[in-house]
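Shown next: input.cif, given as mmCIF, C-alpha atoms; chains and numbers go by the auth columns.
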```cif
data_structure
loop_
_atom_site.group_PDB
_atom_site.id
_atom_site.type_symbol
_atom_site.label_atom_id
_atom_site.label_comp_id
_atom_site.label_asym_id
_atom_site.label_seq_id
_atom_site.Cartn_x
_atom_site.Cartn_y
_atom_site.Cartn_z
_atom_site.B_iso_or_equiv
_atom_site.auth_seq_id
_atom_site.auth_asym_id
ATOM 1 C CA MET A 1 0.000 0.000 0.000 0.00 1 A
ATOM 2 C CA TYR A 2 3.018 2.335 0.182 0.00 2 A
ATOM 3 C CA ARG A 3 4.014 1.909 -3.446 0.00 3 A
ATOM 4 C CA PHE A 4 2.254 5.203 -4.215 0.00 4 A
ATOM 5 C CA VAL A 5 5.307 7.043 -2.798 0.00 5 A
ATOM 6 C CA LEU A 6 7.113 6.001 -5.996 0.00 6 A
ATOM 7 C CA THR A 7 4.696 7.913 -8.182 0.00 7 A
ATOM 8 C CA ARG A 8 5.929 11.084 -9.848 0.00 8 A
ATOM 9 C CA GLN A 9 3.855 13.332 -7.585 0.00 9 A
ATOM 10 C CA TRP A 10 5.186 11.774 -4.400 0.00 10 A
ATOM 11 C CA VAL A 11 8.768 11.594 -5.632 0.00 11 A
ATOM 12 C CA CYS A 12 8.652 15.341 -6.360 0.00 12 A
ATOM 13 C CA LEU A 13 7.120 16.047 -2.948 0.00 13 A
ATOM 14 C CA THR A 14 9.796 13.949 -1.230 0.00 14 A
ATOM 15 C CA LEU A 15 12.617 15.693 -3.095 0.00 15 A
ATOM 16 C CA VAL A 16 11.245 19.110 -2.092 0.00 16 A
ATOM 17 C CA ALA A 17 11.082 17.955 1.537 0.00 17 A
ATOM 18 C CA LEU A 18 14.652 16.641 1.402 0.00 18 A
ATOM 19 C CA ALA A 19 15.832 19.982 -0.021 0.00 19 A
ATOM 20 C CA LEU A 20 13.980 22.029 2.588 0.00 20 A
ATOM 21 C CA ILE A 21 15.479 20.230 5.594 0.00 21 A
ATOM 22 C CA PRO A 22 19.177 21.196 5.070 0.00 22 A
ATOM 23 C CA ALA A 23 18.165 24.664 3.826 0.00 23 A
ATOM 24 C CA MET A 24 16.231 25.346 7.031 0.00 24 A
ATOM 25 C CA ILE A 25 19.019 23.926 9.195 0.00 25 A
ATOM 26 C CA LYS A 26 21.496 26.215 7.435 0.00 26 A
ATOM 27 C CA LEU A 27 19.223 29.228 7.931 0.00 27 A
ATOM 28 C CA GLY A 28 18.987 28.334 11.610 0.00 28 A
ATOM 29 C CA PHE A 29 22.776 28.287 11.996 0.00 29 A
ATOM 30 C CA TRP A 30 22.997 31.588 10.070 0.00 30 A
ATOM 31 C CA GLN A 31 20.704 33.208 12.631 0.00 31 A
ATOM 32 C CA PHE A 32 22.593 31.509 15.464 0.00 32 A
ATOM 33 C CA HIS A 33 25.916 32.934 14.240 0.00 33 A
ATOM 34 C CA ARG A 34 24.298 36.380 13.986 0.00 34 A
ATOM 35 C CA HIS A 35 23.221 35.977 17.609 0.00 35 A
ATOM 36 C CA GLU A 36 26.765 35.052 18.634 0.00 36 A
ATOM 37 C CA HIS A 37 28.158 38.043 16.723 0.00 37 A
ATOM 38 C CA ARG A 38 25.690 40.400 18.414 0.00 38 A
ATOM 39 C CA VAL A 39 26.540 39.061 21.867 0.00 39 A
ATOM 40 C CA ALA A 40 30.284 39.384 21.201 0.00 40 A
ATOM 41 C CA GLN A 41 29.835 42.902 19.876 0.00 41 A
ATOM 42 C CA ASN A 42 27.803 43.932 22.926 0.00 42 A
ATOM 43 C CA GLU A 43 30.545 42.589 25.190 0.00 43 A
ATOM 44 C CA LEU A 44 33.203 44.478 23.214 0.00 44 A
ATOM 45 C CA ILE A 45 31.247 47.755 23.341 0.00 45 A
ATOM 46 C CA GLU A 46 30.620 47.367 27.070 0.00 46 A
ATOM 47 C CA LYS A 47 34.288 46.601 27.793 0.00 47 A
ATOM 48 C CA ASN A 48 35.681 49.454 25.682 0.00 48 A
ATOM 49 C CA LEU A 49 33.176 52.045 26.912 0.00 49 A
ATOM 50 C CA ARG A 50 33.897 51.247 30.547 0.00 50 A
ATOM 51 C CA ALA A 51 37.681 51.060 30.166 0.00 51 A
ATOM 52 C CA GLN A 52 39.890 53.813 31.514 0.00 52 A
ATOM 53 C CA PRO A 53 40.507 56.392 28.741 0.00 53 A
ATOM 54 C CA VAL A 54 43.941 56.270 27.096 0.00 54 A
ATOM 55 C CA PRO A 55 45.689 58.936 25.003 0.00 55 A
ATOM 56 C CA LEU A 56 44.489 58.714 21.414 0.00 56 A
ATOM 57 C CA THR A 57 48.049 58.868 20.086 0.00 57 A
ATOM 58 C CA GLU A 58 48.779 55.530 21.812 0.00 58 A
ATOM 59 C CA VAL A 59 46.217 53.597 19.768 0.00 59 A
ATOM 60 C CA THR A 60 46.237 55.232 16.342 0.00 60 A
ATOM 61 C CA SER A 61 48.447 57.133 13.917 0.00 61 A
ATOM 62 C CA PRO A 62 48.148 58.673 10.439 0.00 62 A
ATOM 63 C CA GLY A 63 46.948 56.032 7.986 0.00 63 A
ATOM 64 C CA HIS A 64 46.146 53.580 10.774 0.00 64 A
ATOM 65 C CA VAL A 65 43.124 51.347 10.231 0.00 65 A
ATOM 66 C CA VAL A 66 41.307 51.038 13.532 0.00 66 A
ATOM 67 C CA PRO A 67 40.758 47.316 14.269 0.00 67 A
ATOM 68 C CA ARG A 68 37.408 46.080 15.527 0.00 68 A
ATOM 69 C CA ALA A 69 38.940 45.332 18.929 0.00 69 A
ATOM 70 C CA ASP A 70 39.455 49.101 19.414 0.00 70 A
ATOM 71 C CA TYR A 71 35.999 50.245 18.259 0.00 71 A
ATOM 72 C CA TRP A 72 34.315 52.444 20.905 0.00 72 A
ATOM 73 C CA ARG A 73 37.486 52.522 23.003 0.00 73 A
ATOM 74 C CA ALA A 74 37.586 55.463 25.429 0.00 74 A
ATOM 75 C CA VAL A 75 40.359 57.877 24.395 0.00 75 A
ATOM 76 C CA THR A 76 41.538 61.409 25.173 0.00 76 A
ATOM 77 C CA ALA A 77 43.235 64.104 23.105 0.00 77 A
ATOM 78 C CA THR A 78 44.514 67.603 23.812 0.00 78 A
ATOM 79 C CA GLY A 79 44.755 70.363 21.224 0.00 79 A
ATOM 80 C CA THR A 80 43.088 73.336 19.592 0.00 80 A
ATOM 81 C CA TYR A 81 40.007 73.159 17.395 0.00 81 A
ATOM 82 C CA ASP A 82 40.500 74.190 13.763 0.00 82 A
ATOM 83 C CA SER A 83 37.063 75.632 12.983 0.00 83 A
ATOM 84 C CA ALA A 84 38.238 76.904 9.585 0.00 84 A
ATOM 85 C CA HIS A 85 38.365 73.291 8.339 0.00 85 A
ATOM 86 C CA GLU A 86 35.218 72.119 10.074 0.00 86 A
ATOM 87 C CA VAL A 87 32.809 70.034 7.954 0.00 87 A
ATOM 88 C CA VAL A 88 29.316 68.658 8.413 0.00 88 A
ATOM 89 C CA VAL A 89 28.258 65.117 7.530 0.00 89 A
ATOM 90 C CA ARG A 90 24.982 64.879 5.654 0.00 90 A
ATOM 91 C CA MET A 91 22.001 62.607 6.357 0.00 91 A
ATOM 92 C CA ARG A 92 22.758 61.781 9.982 0.00 92 A
ATOM 93 C CA THR A 93 20.074 61.178 12.592 0.00 93 A
ATOM 94 C CA SER A 94 19.710 62.410 16.150 0.00 94 A
ATOM 95 C CA GLY A 95 18.835 60.273 19.147 0.00 95 A
ATOM 96 C CA ASP A 96 15.137 60.647 18.291 0.00 96 A
ATOM 97 C CA ASP A 97 15.651 59.890 14.575 0.00 97 A
ATOM 98 C CA LYS A 98 15.506 63.443 13.223 0.00 98 A
ATOM 99 C CA VAL A 99 17.608 63.912 10.083 0.00 99 A
ATOM 100 C CA GLY A 100 20.342 66.514 10.168 0.00 100 A
ATOM 101 C CA PHE A 101 24.140 66.745 10.231 0.00 101 A
ATOM 102 C CA HIS A 102 27.061 65.574 12.326 0.00 102 A
ATOM 103 C CA VAL A 103 29.637 68.286 13.009 0.00 103 A
ATOM 104 C CA VAL A 104 33.252 67.181 12.511 0.00 104 A
ATOM 105 C CA THR A 105 35.947 69.598 13.643 0.00 105 A
ATOM 106 C CA PRO A 106 39.687 68.843 13.398 0.00 106 A
ATOM 107 C CA LEU A 107 41.582 69.074 16.673 0.00 107 A
ATOM 108 C CA LEU A 108 45.156 70.224 16.085 0.00 108 A
ATOM 109 C CA LEU A 109 47.607 68.467 18.384 0.00 109 A
ATOM 110 C CA THR A 110 50.790 70.041 19.702 0.00 110 A
ATOM 111 C CA ASP A 111 52.961 67.782 17.517 0.00 111 A
ATOM 112 C CA GLY A 112 51.417 69.164 14.304 0.00 112 A
ATOM 113 C CA ARG A 113 49.100 66.253 13.642 0.00 113 A
ATOM 114 C CA ALA A 114 45.317 66.393 13.836 0.00 114 A
ATOM 115 C CA VAL A 115 42.403 64.205 14.835 0.00 115 A
ATOM 116 C CA LEU A 116 38.828 64.451 13.601 0.00 116 A
ATOM 117 C CA VAL A 117 36.307 65.064 16.381 0.00 117 A
ATOM 118 C CA ASN A 118 32.644 64.345 15.819 0.00 118 A
ATOM 119 C CA ARG A 119 31.163 66.986 18.114 0.00 119 A
ATOM 120 C CA GLY A 120 27.588 65.789 17.663 0.00 120 A
ATOM 121 C CA TRP A 121 24.342 66.333 15.763 0.00 121 A
ATOM 122 C CA VAL A 122 22.707 69.563 14.614 0.00 122 A
ATOM 123 C CA PRO A 123 19.459 70.058 12.680 0.00 123 A
ATOM 124 C CA GLY A 124 19.509 71.248 9.100 0.00 124 A
ATOM 125 C CA GLY A 125 18.198 74.590 7.944 0.00 125 A
ATOM 126 C CA GLY A 126 15.556 75.333 5.341 0.00 126 A
ATOM 127 C CA ASP A 127 17.964 74.806 2.447 0.00 127 A
ATOM 128 C CA PRO A 128 19.548 71.313 2.508 0.00 128 A
ATOM 129 C CA ARG A 129 22.449 72.550 0.381 0.00 129 A
ATOM 130 C CA ALA A 130 23.268 75.436 2.717 0.00 130 A
ATOM 131 C CA TYR A 131 25.731 75.074 5.561 0.00 131 A
ATOM 132 C CA PRO A 132 23.620 74.576 8.705 0.00 132 A
ATOM 133 C CA PRO A 133 23.834 76.760 11.814 0.00 133 A
ATOM 134 C CA VAL A 134 26.657 75.198 13.840 0.00 134 A
ATOM 135 C CA PRO A 135 27.581 76.256 17.388 0.00 135 A
ATOM 136 C CA ALA A 136 31.184 77.378 17.568 0.00 136 A
ATOM 137 C CA ALA A 137 33.763 74.984 18.945 0.00 137 A
ATOM 138 C CA PRO A 138 35.506 75.971 22.204 0.00 138 A
ATOM 139 C CA SER A 139 38.490 78.261 21.701 0.00 139 A
ATOM 140 C CA GLY A 140 41.949 77.724 23.117 0.00 140 A
ATOM 141 C CA GLU A 141 43.519 74.465 24.171 0.00 141 A
ATOM 142 C CA VAL A 142 41.051 71.791 25.236 0.00 142 A
ATOM 143 C CA THR A 143 41.229 68.198 26.389 0.00 143 A
ATOM 144 C CA VAL A 144 38.467 66.039 24.994 0.00 144 A
ATOM 145 C CA THR A 145 37.321 62.508 25.746 0.00 145 A
ATOM 146 C CA GLY A 146 35.441 60.316 23.354 0.00 146 A
ATOM 147 C CA ARG A 147 34.904 56.981 21.676 0.00 147 A
ATOM 148 C CA LEU A 148 37.373 55.853 19.013 0.00 148 A
ATOM 149 C CA LYS A 149 35.671 54.976 15.735 0.00 149 A
ATOM 150 C CA ALA A 150 37.058 53.618 12.470 0.00 150 A
ATOM 151 C CA ASP A 151 37.126 55.671 9.281 0.00 151 A
ATOM 152 C CA GLU A 152 33.850 55.397 7.427 0.00 152 A
ATOM 153 C CA THR A 153 33.861 53.901 3.938 0.00 153 A
ATOM 154 C CA SER A 154 31.078 53.253 1.461 0.00 154 A
ATOM 155 C CA GLY A 155 31.708 49.517 1.681 0.00 155 A
ATOM 156 C CA GLY A 156 31.575 49.424 5.462 0.00 156 A
ATOM 157 C CA SER A 157 28.723 51.860 6.034 0.00 157 A
ATOM 158 C CA GLY A 158 26.595 51.383 2.943 0.00 158 A
ATOM 159 C CA ILE A 159 26.595 55.164 2.437 0.00 159 A
ATOM 160 C CA LYS A 160 27.412 56.312 -1.078 0.00 160 A
ATOM 161 C CA ASP A 161 30.220 58.877 -1.133 0.00 161 A
ATOM 162 C CA ARG A 162 28.544 61.402 -3.406 0.00 162 A
ATOM 163 C CA LYS A 163 30.515 63.984 -5.338 0.00 163 A
ATOM 164 C CA GLY A 164 29.599 67.578 -6.090 0.00 164 A
ATOM 165 C CA LEU A 165 28.397 68.354 -2.576 0.00 165 A
ATOM 166 C CA PRO A 166 28.173 71.922 -1.274 0.00 166 A
ATOM 167 C CA ASP A 167 31.305 73.391 0.266 0.00 167 A
ATOM 168 C CA ARG A 168 32.293 71.837 3.621 0.00 168 A
ATOM 169 C CA GLN A 169 29.722 69.065 3.396 0.00 169 A
ATOM 170 C CA VAL A 170 30.683 65.388 3.230 0.00 170 A
ATOM 171 C CA MET A 171 28.953 62.019 3.285 0.00 171 A
ATOM 172 C CA LEU A 172 31.559 60.076 5.273 0.00 172 A
ATOM 173 C CA ILE A 173 33.886 60.734 8.191 0.00 173 A
ATOM 174 C CA ASN A 174 37.233 59.690 6.782 0.00 174 A
ATOM 175 C CA SER A 175 40.639 60.801 8.048 0.00 175 A
ATOM 176 C CA GLY A 176 42.353 60.176 4.716 0.00 176 A
ATOM 177 C CA GLN A 177 39.961 62.449 2.846 0.00 177 A
ATOM 178 C CA GLN A 178 40.216 65.235 5.413 0.00 178 A
ATOM 179 C CA ALA A 179 44.016 65.005 5.527 0.00 179 A
ATOM 180 C CA GLN A 180 44.082 66.198 1.911 0.00 180 A
ATOM 181 C CA SER A 181 42.153 69.369 2.704 0.00 181 A
ATOM 182 C CA LEU A 182 43.979 69.999 5.976 0.00 182 A
ATOM 183 C CA GLY A 183 47.437 69.615 4.483 0.00 183 A
ATOM 184 C CA ARG A 184 48.733 67.864 7.593 0.00 184 A
ATOM 185 C CA PRO A 185 48.836 64.287 8.974 0.00 185 A
ATOM 186 C CA VAL A 186 45.530 63.136 10.475 0.00 186 A
ATOM 187 C CA LEU A 187 45.291 60.253 12.928 0.00 187 A
ATOM 188 C CA GLY A 188 43.420 57.255 11.533 0.00 188 A
ATOM 189 C CA GLY A 189 39.796 56.959 12.593 0.00 189 A
ATOM 190 C CA TYR A 190 38.025 59.668 14.518 0.00 190 A
ATOM 191 C CA LEU A 191 36.901 60.580 18.020 0.00 191 A
ATOM 192 C CA GLU A 192 33.195 60.654 18.915 0.00 192 A
ATOM 193 C CA LEU A 193 32.978 63.340 21.601 0.00 193 A
ATOM 194 C CA THR A 194 31.606 62.434 25.038 0.00 194 A
ATOM 195 C CA ALA A 195 33.230 65.130 27.207 0.00 195 A
ATOM 196 C CA PRO A 196 33.202 67.985 27.849 0.00 196 A
ATOM 197 C CA VAL A 197 29.438 67.961 27.270 0.00 197 A
ATOM 198 C CA PRO A 198 28.430 70.948 25.086 0.00 198 A
ATOM 199 C CA SER A 199 26.464 73.677 26.807 0.00 199 A
ATOM 200 C CA ASP A 200 22.853 74.408 25.886 0.00 200 A
ATOM 201 C CA GLY A 201 22.575 75.048 22.177 0.00 201 A
ATOM 202 C CA GLY A 202 25.655 73.006 21.350 0.00 202 A
ATOM 203 C CA PRO A 203 25.669 69.961 19.091 0.00 203 A
ATOM 204 C CA GLU A 204 23.645 67.067 20.480 0.00 204 A
ATOM 205 C CA PRO A 205 26.085 64.347 21.620 0.00 205 A
ATOM 206 C CA VAL A 206 26.020 61.127 19.608 0.00 206 A
ATOM 207 C CA PRO A 207 24.412 58.439 21.809 0.00 207 A
ATOM 208 C CA GLU A 208 26.270 55.307 22.834 0.00 208 A
ATOM 209 C CA ALA A 209 25.941 52.285 20.604 0.00 209 A
ATOM 210 C CA ASP A 210 23.246 49.896 21.757 0.00 210 A
ATOM 211 C CA HIS A 211 24.929 47.133 23.743 0.00 211 A
ATOM 212 C CA ASP A 212 21.959 45.791 25.712 0.00 212 A
ATOM 213 C CA SER A 213 19.687 44.377 23.035 0.00 213 A
ATOM 214 C CA ILE A 214 20.574 41.035 21.465 0.00 214 A
ATOM 215 C CA GLY A 215 17.740 41.014 18.956 0.00 215 A
ATOM 216 C CA ALA A 216 15.609 38.032 18.008 0.00 216 A
ATOM 217 C CA HIS A 217 18.273 36.063 16.127 0.00 217 A
ATOM 218 C CA MET A 218 18.291 33.161 18.605 0.00 218 A
ATOM 219 C CA ALA A 219 14.507 32.881 18.435 0.00 219 A
ATOM 220 C CA TYR A 220 14.683 32.856 14.642 0.00 220 A
ATOM 221 C CA ALA A 221 17.351 30.118 14.760 0.00 221 A
ATOM 222 C CA VAL A 222 15.169 27.897 16.949 0.00 222 A
ATOM 223 C CA GLN A 223 12.217 28.644 14.674 0.00 223 A
ATOM 224 C CA TRP A 224 14.090 27.485 11.554 0.00 224 A
ATOM 225 C CA TRP A 225 15.240 24.301 13.301 0.00 225 A
ATOM 226 C CA LEU A 226 11.685 23.551 14.391 0.00 226 A
ATOM 227 C CA PHE A 227 10.553 24.037 10.800 0.00 227 A
ATOM 228 C CA ALA A 228 13.265 21.604 9.676 0.00 228 A
ATOM 229 C CA SER A 229 12.126 18.981 12.179 0.00 229 A
ATOM 230 C CA ALA A 230 8.488 19.506 11.161 0.00 230 A
ATOM 231 C CA VAL A 231 9.176 18.633 7.505 0.00 231 A
ATOM 232 C CA PRO A 232 9.745 14.855 7.980 0.00 232 A
ATOM 233 C CA VAL A 233 6.905 14.740 10.505 0.00 233 A
ATOM 234 C CA GLY A 234 4.619 16.411 7.991 0.00 234 A
ATOM 235 C CA TRP A 235 5.794 14.047 5.260 0.00 235 A
ATOM 236 C CA ILE A 236 4.933 11.012 7.409 0.00 236 A
ATOM 237 C CA VAL A 237 1.514 12.462 8.261 0.00 237 A
ATOM 238 C CA LEU A 238 0.778 13.019 4.566 0.00 238 A
ATOM 239 C CA VAL A 239 1.918 9.487 3.649 0.00 239 A
ATOM 240 C CA ARG A 240 -0.267 7.907 6.318 0.00 240 A
ATOM 241 C CA ARG A 241 -3.241 10.022 5.291 0.00 241 A
ATOM 242 C CA GLU A 242 -2.736 9.048 1.648 0.00 242 A
ATOM 243 C CA LYS A 243 -2.518 5.369 2.657 0.00 243 A
ATOM 244 C CA ARG A 244 -5.738 5.638 4.674 0.00 244 A
ATOM 245 C CA ASP A 245 -7.556 7.420 1.875 0.00 245 A
ATOM 246 C CA ARG A 246 -6.477 4.758 -0.626 0.00 246 A
ATOM 247 C CA GLU A 247 -7.546 1.950 1.721 0.00 247 A
ATOM 248 C CA GLU A 248 -10.959 3.568 2.241 0.00 248 A
ATOM 249 C CA ALA A 249 -11.373 4.076 -1.514 0.00 249 A
ATOM 250 C CA ALA A 250 -10.429 0.413 -2.153 0.00 250 A
ATOM 251 C CA ALA A 251 -12.869 -0.798 0.505 0.00 251 A
ATOM 252 C CA ALA A 252 -15.669 1.342 -0.930 0.00 252 A
ATOM 253 C CA SER A 253 -14.934 0.031 -4.417 0.00 253 A
ATOM 254 C CA ALA A 254 -14.996 -3.581 -3.199 0.00 254 A
ATOM 255 C CA ALA A 255 -18.320 -2.987 -1.466 0.00 255 A
ATOM 256 C CA ARG A 256 -19.874 -1.637 -4.641 0.00 256 A
ATOM 257 C CA GLU A 257 -18.740 -4.523 -6.841 0.00 257 A
ATOM 258 C CA PRO A 258 -20.960 -7.263 -5.212 0.00 258 A
ATOM 259 C CA ALA A 259 -23.927 -4.923 -5.255 0.00 259 A
ATOM 260 C CA THR A 260 -23.389 -4.288 -8.967 0.00 260 A
ATOM 261 C CA ALA A 261 -23.044 -8.013 -9.697 0.00 261 A
ATOM 262 C CA ALA A 262 -26.302 -8.754 -7.860 0.00 262 A
#
```
Could you quickly redo this structure as structure tokens?
Amino acid sequence: MYRFVLTRQWVCLTLVALALIPAMIKLGFWQFHRHEHRVAQNELIEKNLRAQPVPLTEVTSPGHVVPRADYWRAVTATGTYDSAHEVVVRMRTSGDDKVGFHVVTPLLLTDGRAVLVNRGWVPGGGDPRAYPPVPAAPSGEVTVTGRLKADETSGGSGIKDRKGLPDRQVMLINSGQQAQSLGRPVLGGYLELTAPVPSDGGPEPVPEADHDSIGAHMAYAVQWWLFASAVPVGWIVLVRREKRDREEAAAASAAREPATAA
């Protein structure tokens, strides 16, 4: 009574089921690895944010590519803001998801090098191509503390580096690009300002990266694995139902034959 599983219809159904099982298992492991990555990243952010700040010049240099292990590391730098070479970064959001600009001001160090400081978010004006109203950076020598971030690239951020932008507006925060306009060495990466906190009316500080949420990746992984285990169970249920239906049809046909003969 199980020979029907060799019919074309059932062979196709079985092949689809056999293909779905490894695909769903693989999708489950993909979500599981995303969960592991998120947990590891949260631990890294937490560790680096809570670490004692170190001088920026100890962890980066001109042309240095900031490794992931140093992302969000607490650093300090002392120098003088160069407001003449300040730029704003387009299409950046505030803590409550309003679109505006990030203000990036070079900090000139005593050794002649510079570091880019993201001082925070400001709203745009009525004309998106006009330079927005930006509170002035503190004058004189200052010591700043912030989070070390890697240079932004189109490949890493997904943001297209558009050309032909208005003067002093950029799409990415990139030390190599700004070094060309500054005409001096710029330390790799940039500093995301956390202190001193700007006074009222200053740029809105960039919030910390989320390091509490782990997302639903683990739940999705378990869900895919449950789907994978349900496929063979469903196949067996369908086979048994088909067998029962065929048996009932055969019994009904046998019952009709004597009545027809009579």
#### Entry: Residue members of the PyMOL selection byres ((chain A and resi 128) around 12) in the file shown, as number ranges by chain
A: 88-91, 99-101, 123-127, 129-133, 165-166, 169
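Closest approach to Val142 in chain A among A:Pro205, A:Gly176, A:Gly79, A:Pro106 is made by A:Gly79 (distances from all atoms listed in the file).
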Expected selection from the PyMOL selection byres ((chain A and resi 86) around 9), given as a tab-separated table (two decimals) with C-alpha atoms, in the coordinates of the input:
```tsv
chain	number	residue	atom	x	y	z
A	81	TYR	CA	40.01	73.16	17.40
A	82	ASP	CA	40.50	74.19	13.76
A	83	SER	CA	37.06	75.63	12.98
A	84	ALA	CA	38.24	76.90	9.59
A	85	HIS	CA	38.36	73.29	8.34
A	87	VAL	CA	32.81	70.03	7.95
A	88	VAL	CA	29.32	68.66	8.41
A	103	VAL	CA	29.64	68.29	13.01
A	104	VAL	CA	33.25	67.18	12.51
A	105	THR	CA	35.95	69.60	13.64
A	106	PRO	CA	39.69	68.84	13.40
A	168	ARG	CA	32.29	71.84	3.62
```
### Task
Any chance you could resolve the PyMOL selection byres ((chain A and resi 217) around 12) against this file and give the residues as a list in words?
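With the shown file as input, the PyMOL selection byres ((chain A and resi 217) around 12) matches Leu27, Gly28, Phe29, Trp30, Gln31, Phe32, His33, Arg34, His35, Glu36, His37, Arg38, Val39, Ser213, Ile214, Gly215, Ala216, Met218, Ala219, Tyr220, Ala221, Val222, Gln223 and Trp224 of chain A.
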### Query
What does the distance between CA of Arg113 in chain A and CA of Gln52 in chain A come to in Å, to one decimal place?
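Going from CA of Arg113 in chain A over to CA of Gln52 in chain A covers 23.6 Å.
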#### Entry: Distance criterion (all atoms listed in the file): nearest to Asp210 in chain A out of A:Trp225, A:Trp121, A:Trp72, A:Tyr190
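The answer is A:Trp72, which sits nearest to Asp210 in chain A.
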For Gly201 in chain A: contacts at 12 Å, only C-alpha atoms, fewer than 2 positions along chain excluded, given as a compact mmCIF listing (two decimals) with C-alpha atoms, in the coordinates of the input:
```txt
# COMPACT_ATOMS: atom_id res chain seq x y z
CA GLY A 120 27.59 65.79 17.66
CA TRP A 121 24.34 66.33 15.76
CA VAL A 122 22.71 69.56 14.61
CA PRO A 123 19.46 70.06 12.68
CA PRO A 133 23.83 76.76 11.81
CA VAL A 134 26.66 75.20 13.84
CA PRO A 135 27.58 76.26 17.39
CA ALA A 136 31.18 77.38 17.57
CA ALA A 137 33.76 74.98 18.94
CA VAL A 197 29.44 67.96 27.27
CA PRO A 198 28.43 70.95 25.09
CA SER A 199 26.46 73.68 26.81
CA PRO A 203 25.67 69.96 19.09
CA GLU A 204 23.64 67.07 20.48
CA PRO A 205 26.08 64.35 21.62
```
### Task
Measuring atom to atom with all atoms listed in the file, identify which of A:Pro138, A:Gly164, A:Gly189, A:Gly146 is nearest to Asn48 in chain A.
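Looking only at the distances to Asn48 in chain A, the closest residue turns out to be A:Gly146.
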### Query
Pick the closest to Glu43 in chain A from A:Ala69, A:Leu107, A:Leu191, A:Leu56: which is it, counting all atoms listed in the file?
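When distances to Glu43 in chain A are compared using all atoms listed in the file, the smallest one comes from A:Ala69.
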List as a short mmCIF file (atom, residue, chain, number, x, y, z; two decimals) with C-alpha atoms, in the coordinates of the input the protein and nucleic acid residues near Ala209 in chain A, meaning an atom at most 12 Å away when all atoms listed in the file are counted, but skip any in the same chain fewer than 2 places from it.
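Full text of around.cif as output:
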```cif
data_model
loop_
_atom_site.label_atom_id
_atom_site.label_comp_id
_atom_site.auth_asym_id
_atom_site.auth_seq_id
_atom_site.Cartn_x
_atom_site.Cartn_y
_atom_site.Cartn_z
CA GLN A 41 29.84 42.90 19.88
CA ASN A 42 27.80 43.93 22.93
CA GLU A 43 30.54 42.59 25.19
CA LEU A 44 33.20 44.48 23.21
CA ILE A 45 31.25 47.76 23.34
CA GLU A 46 30.62 47.37 27.07
CA ASN A 48 35.68 49.45 25.68
CA LEU A 49 33.18 52.04 26.91
CA TYR A 71 36.00 50.24 18.26
CA TRP A 72 34.32 52.44 20.90
CA ARG A 73 37.49 52.52 23.00
CA GLY A 95 18.84 60.27 19.15
CA ARG A 147 34.90 56.98 21.68
CA LYS A 149 35.67 54.98 15.74
CA GLU A 192 33.20 60.65 18.92
CA VAL A 206 26.02 61.13 19.61
CA PRO A 207 24.41 58.44 21.81
CA HIS A 211 24.93 47.13 23.74
CA ASP A 212 21.96 45.79 25.71
CA SER A 213 19.69 44.38 23.04
#
```
### Query
Between A:Thr143, A:Thr14, A:Thr93, A:Gln180, which one has atoms that come closest to Gly234 in chain A, using only C-alpha atoms?
A:Thr14
